[in-house]
file query-v3.json (JSON, C-alpha atoms)
[["chain", "number", "residue", "atom", "x", "y", "z"],
["A", 356, "ALA", "CA", -53.92, -25.34, 48.84],
["A", 357, "GLU", "CA", -56.52, -23.77, 46.52],
["A", 358, "ALA", "CA", -59.26, -26.06, 47.83],
["A", 359, "ALA", "CA", -58.21, -25.25, 51.40],
["A", 360, "GLU", "CA", -58.34, -21.50, 50.69],
["A", 361, "GLN", "CA", -61.84, -21.87, 49.27],
["A", 362, "GLY", "CA", -63.00, -24.16, 52.11],
["A", 363, "ASP", "CA", -63.97, -26.80, 49.54],
["A", 364, "ILE", "CA", -63.90, -29.98, 51.61],
["A", 365, "ASP", "CA", -64.73, -32.28, 48.68],
["A", 366, "ALA", "CA", -61.94, -30.89, 46.48],
["A", 367, "PHE", "CA", -59.54, -30.86, 49.43],
["A", 368, "SER", "CA", -60.37, -34.49, 50.25],
["A", 369, "ALA", "CA", -59.70, -35.54, 46.66],
["A", 370, "ALA", "CA", -56.38, -33.67, 46.61],
["A", 371, "ASP", "CA", -55.49, -35.03, 50.06],
["A", 372, "GLU", "CA", -56.12, -38.57, 48.87],
["A", 373, "ALA", "CA", -54.01, -38.03, 45.74],
["A", 374, "PHE", "CA", -51.20, -36.54, 47.86],
["A", 375, "HIS", "CA", -51.03, -39.44, 50.29],
["A", 376, "LEU", "CA", -51.49, -42.13, 47.63],
["A", 377, "GLY", "CA", -48.78, -40.48, 45.53],
["A", 378, "ILE", "CA", -46.33, -40.66, 48.41],
["A", 379, "ALA", "CA", -47.27, -44.29, 49.05],
["A", 380, "ALA", "CA", -46.76, -45.18, 45.38],
["A", 381, "ALA", "CA", -43.45, -43.32, 45.19],
["A", 382, "ALA", "CA", -42.24, -45.05, 48.34],
["A", 383, "GLY", "CA", -43.00, -48.47, 46.88],
["A", 384, "ASN", "CA", -43.97, -49.50, 50.40],
["A", 385, "THR", "CA", -47.00, -51.83, 50.40],
["A", 386, "PHE", "CA", -47.48, -51.44, 54.16],
["A", 387, "PHE", "CA", -47.65, -47.67, 53.80],
["A", 388, "ALA", "CA", -49.98, -47.96, 50.81],
["A", 389, "SER", "CA", -52.39, -50.19, 52.75],
["A", 390, "THR", "CA", -52.20, -47.83, 55.73],
["A", 391, "VAL", "CA", -53.09, -44.88, 53.49],
["A", 392, "ASP", "CA", -56.01, -46.90, 52.12],
["A", 393, "ALA", "CA", -57.26, -47.65, 55.66],
["A", 394, "VAL", "CA", -56.94, -44.00, 56.67],
["A", 395, "ARG", "CA", -58.85, -42.91, 53.54],
["A", 396, "HIS", "CA", -61.65, -45.29, 54.53],
["A", 397, "LEU", "CA", -61.71, -43.74, 58.01],
["A", 398, "GLN", "CA", -61.74, -40.25, 56.51],
["A", 399, "ARG", "CA", -64.78, -41.11, 54.40],
["A", 400, "GLN", "CA", -66.53, -42.24, 57.59],
["A", 401, "VAL", "CA", -65.50, -39.01, 59.31],
["A", 402, "THR", "CA", -67.11, -37.03, 56.51],
["A", 403, "THR", "CA", -70.27, -39.11, 56.84],
["A", 404, "ILE", "CA", -70.64, -38.43, 60.59],
["A", 405, "GLY", "CA", -69.99, -34.74, 60.15],
["A", 406, "LEU", "CA", -66.48, -34.33, 61.54],
["A", 407, "ALA", "CA", -64.93, -33.14, 58.28],
["A", 408, "GLY", "CA", -63.71, -29.59, 58.60],
["A", 409, "VAL", "CA", -64.14, -29.71, 62.38],
["A", 410, "ALA", "CA", -61.52, -32.23, 63.39],
["A", 411, "GLY", "CA", -58.16, -32.65, 61.77],
["A", 412, "GLY", "CA", -57.33, -28.96, 61.90],
["A", 413, "SER", "CA", -58.13, -26.31, 59.40],
["A", 414, "LEU", "CA", -57.77, -27.15, 55.77],
["A", 415, "GLN", "CA", -55.13, -24.43, 55.47],
["A", 416, "VAL", "CA", -53.00, -26.00, 58.24],
["A", 417, "ALA", "CA", -53.21, -29.42, 56.59],
["A", 418, "ALA", "CA", -52.39, -27.92, 53.18],
["A", 419, "GLY", "CA", -49.35, -26.18, 54.68],
["A", 420, "GLN", "CA", -48.21, -29.44, 56.22],
["A", 421, "HIS", "CA", -48.62, -31.19, 52.87],
["A", 422, "GLU", "CA", -46.53, -28.53, 51.16],
["A", 423, "ALA", "CA", -43.76, -28.86, 53.76],
["A", 424, "ILE", "CA", -43.76, -32.66, 53.39],
["A", 425, "ALA", "CA", -43.63, -32.41, 49.59],
["A", 426, "GLU", "CA", -40.76, -29.90, 49.78],
["A", 427, "ALA", "CA", -38.79, -32.21, 52.08],
["A", 428, "ILE", "CA", -39.31, -35.13, 49.70],
["A", 429, "ALA", "CA", -38.37, -33.01, 46.67],
["A", 430, "SER", "CA", -35.24, -31.79, 48.48],
["A", 431, "GLY", "CA", -34.13, -35.34, 49.19],
["A", 432, "GLU", "CA", -34.61, -35.02, 52.95],
["A", 433, "PRO", "CA", -36.34, -38.28, 53.94],
["A", 434, "SER", "CA", -35.76, -37.83, 57.69],
["A", 435, "ARG", "CA", -37.33, -34.39, 57.60],
["A", 436, "ALA", "CA", -40.25, -35.67, 55.47],
["A", 437, "GLU", "CA", -40.78, -38.52, 57.93],
["A", 438, "ALA", "CA", -40.79, -36.16, 60.92],
["A", 439, "LEU", "CA", -43.22, -33.78, 59.19],
["A", 440, "MET", "CA", -45.55, -36.63, 58.22],
["A", 441, "ALA", "CA", -45.50, -37.98, 61.78],
["A", 442, "GLU", "CA", -46.38, -34.49, 63.06],
["A", 443, "HIS", "CA", -49.21, -34.23, 60.50],
["A", 444, "ILE", "CA", -50.65, -37.61, 61.46],
["A", 445, "ASP", "CA", -50.31, -36.98, 65.21],
["A", 446, "MET", "CA", -51.99, -33.57, 65.01],
["A", 447, "THR", "CA", -54.86, -34.96, 62.98],
["A", 448, "ALA", "CA", -55.38, -37.93, 65.30],
["A", 449, "GLN", "CA", -55.36, -35.71, 68.41],
["A", 450, "GLN", "CA", -57.87, -33.33, 66.89],
["A", 451, "PHE", "CA", -60.20, -36.15, 65.90],
["A", 452, "GLN", "CA", -59.97, -37.60, 69.41],
["A", 453, "ARG", "CA", -60.78, -34.22, 70.99],
["A", 454, "GLU", "CA", -63.74, -33.63, 68.70],
["A", 455, "ILE", "CA", -65.14, -37.12, 69.24],
["A", 456, "TRP", "CA", -64.74, -36.74, 73.01],
["A", 457, "ARG", "CA", -66.43, -33.31, 72.87],
["A", 458, "ARG", "CA", -69.41, -34.93, 71.16],
["A", 459, "VAL", "CA", -69.53, -37.88, 73.55],
["A", 460, "VAL", "CA", -69.25, -35.78, 76.72],
["A", 461, "PRO", "CA", -70.48, -32.23, 75.90],
["A", 462, "GLY", "CA", -69.12, -29.58, 78.22],
["A", 463, "ASP", "CA", -66.21, -31.74, 79.42],
["A", 464, "ASP", "CA", -63.01, -30.04, 78.34],
["A", 465, "THR", "CA", -60.70, -32.30, 80.37],
["A", 466, "ASN", "CA", -59.58, -34.15, 77.23],
["A", 467, "THR", "CA", -58.82, -31.14, 75.08]]
call {"tool": "encode", "arguments": {"input": "query-v3.json", "output": "structure tokens"}}
result
Amino acid sequence: AEAAEQGDIDAFSAADEAFHLGIAAAAGNTFFASTVDAVRHLQRQVTTIGLAGVAGGSLQVAAGQHEAIAEAIASGEPSRAEALMAEHIDMTAQQFQREIWRRVVPGDDTNT
């Protein structure tokens, strides 16, 4: 949350990675852990092509989603945590798609 408030993408990315890897480790789910690893690889590519901070929503929104997910886990509410994580992933994917489309077809807002 502090990195998000300061707009520090590098610090936020490191905290984001630790957050998701921590959940994967706690879950003991190798499929989830490998999925997190694949997403982290994609996120590094996103940073390289200049989409970081543009797609995926504001850092503050993502930090708020992370906090809600962590609270659900800490409260022993796996169904709620699952729903919040799905919402987080869906929102991020949709925003990346919109931003990529905006760059591919400038001025076309039909896919936003």
call {"tool": "atom_distance", "arguments": {"input": "query-v3.json", "atom1": "CA of Val391 (chain A)", "atom2": "CA of Ala379 (chain A)"}}
result
7.3 Å
call {"tool": "axis_aligned_box", "arguments": {"input": "query-v3.json", "around": "region 437-451 of chain A", "padding_each_side": "6 Å", "output": "AutoDock Vina command-line options"}}
result
--center_x -50.5 --center_y -35.9 --center_z 63.2 --size_x 31.4 --size_y 17.2 --size_z 22.5
call {"tool": "closest_residue", "arguments": {"input": "query-v3.json", "among": "A:Ala382, A:Leu376, A:Ser413, A:Arg399", "to": "Gln361 (chain A)", "atoms": "all atoms listed in the file"}}
result
A:Ser413
call {"tool": "atom_distance", "arguments": {"input": "query-v3.json", "atom1": "CA of Glu437 (chain A)", "atom2": "CA of Trp456 (chain A)"}}
result
28.4 Å
call {"tool": "atom_distance", "arguments": {"input": "query-v3.json", "atom1": "CA of Ala417 (chain A)", "atom2": "CA of Gly377 (chain A)"}}
result
16.3 Å
call {"tool": "closest_residue", "arguments": {"input": "query-v3.json", "among": "A:Glu422, A:Asp371, A:Asp363, A:Glu454", "to": "Leu439 (chain A)", "atoms": "all atoms listed in the file"}}
result
A:Glu422
call {"tool": "closest_residue", "arguments": {"input": "query-v3.json", "among": "A:Val459, A:Thr447, A:Gln452, A:Ala381", "to": "Val416 (chain A)", "atoms": "only C-alpha atoms"}}
result
A:Thr447
call {"tool": "closest_residue", "arguments": {"input": "query-v3.json", "among": "A:Arg457, A:His443, A:His421, A:Arg435", "to": "Phe374 (chain A)", "atoms": "only C-alpha atoms"}}
result
A:His421
call {"tool": "closest_residue", "arguments": {"input": "query-v3.json", "among": "A:Ala380, A:Ile424, A:Val460, A:Leu414", "to": "Gly362 (chain A)", "atoms": "only C-alpha atoms"}}
result
A:Leu414
call {"tool": "residues_around", "arguments": {"input": "query-v3.json", "residues": "Ala370 (chain A)", "least_positions_apart": "3", "cutoff": "10 Å", "atoms": "all atoms listed in the file", "output": "count of residues only"}}
result
13
call {"tool": "closest_residue", "arguments": {"input": "query-v3.json", "among": "A:Gln449, A:Glu372, A:Glu432, A:Ala438", "to": "Ala393 (chain A)", "atoms": "all atoms listed in the file"}}
result
A:Glu372
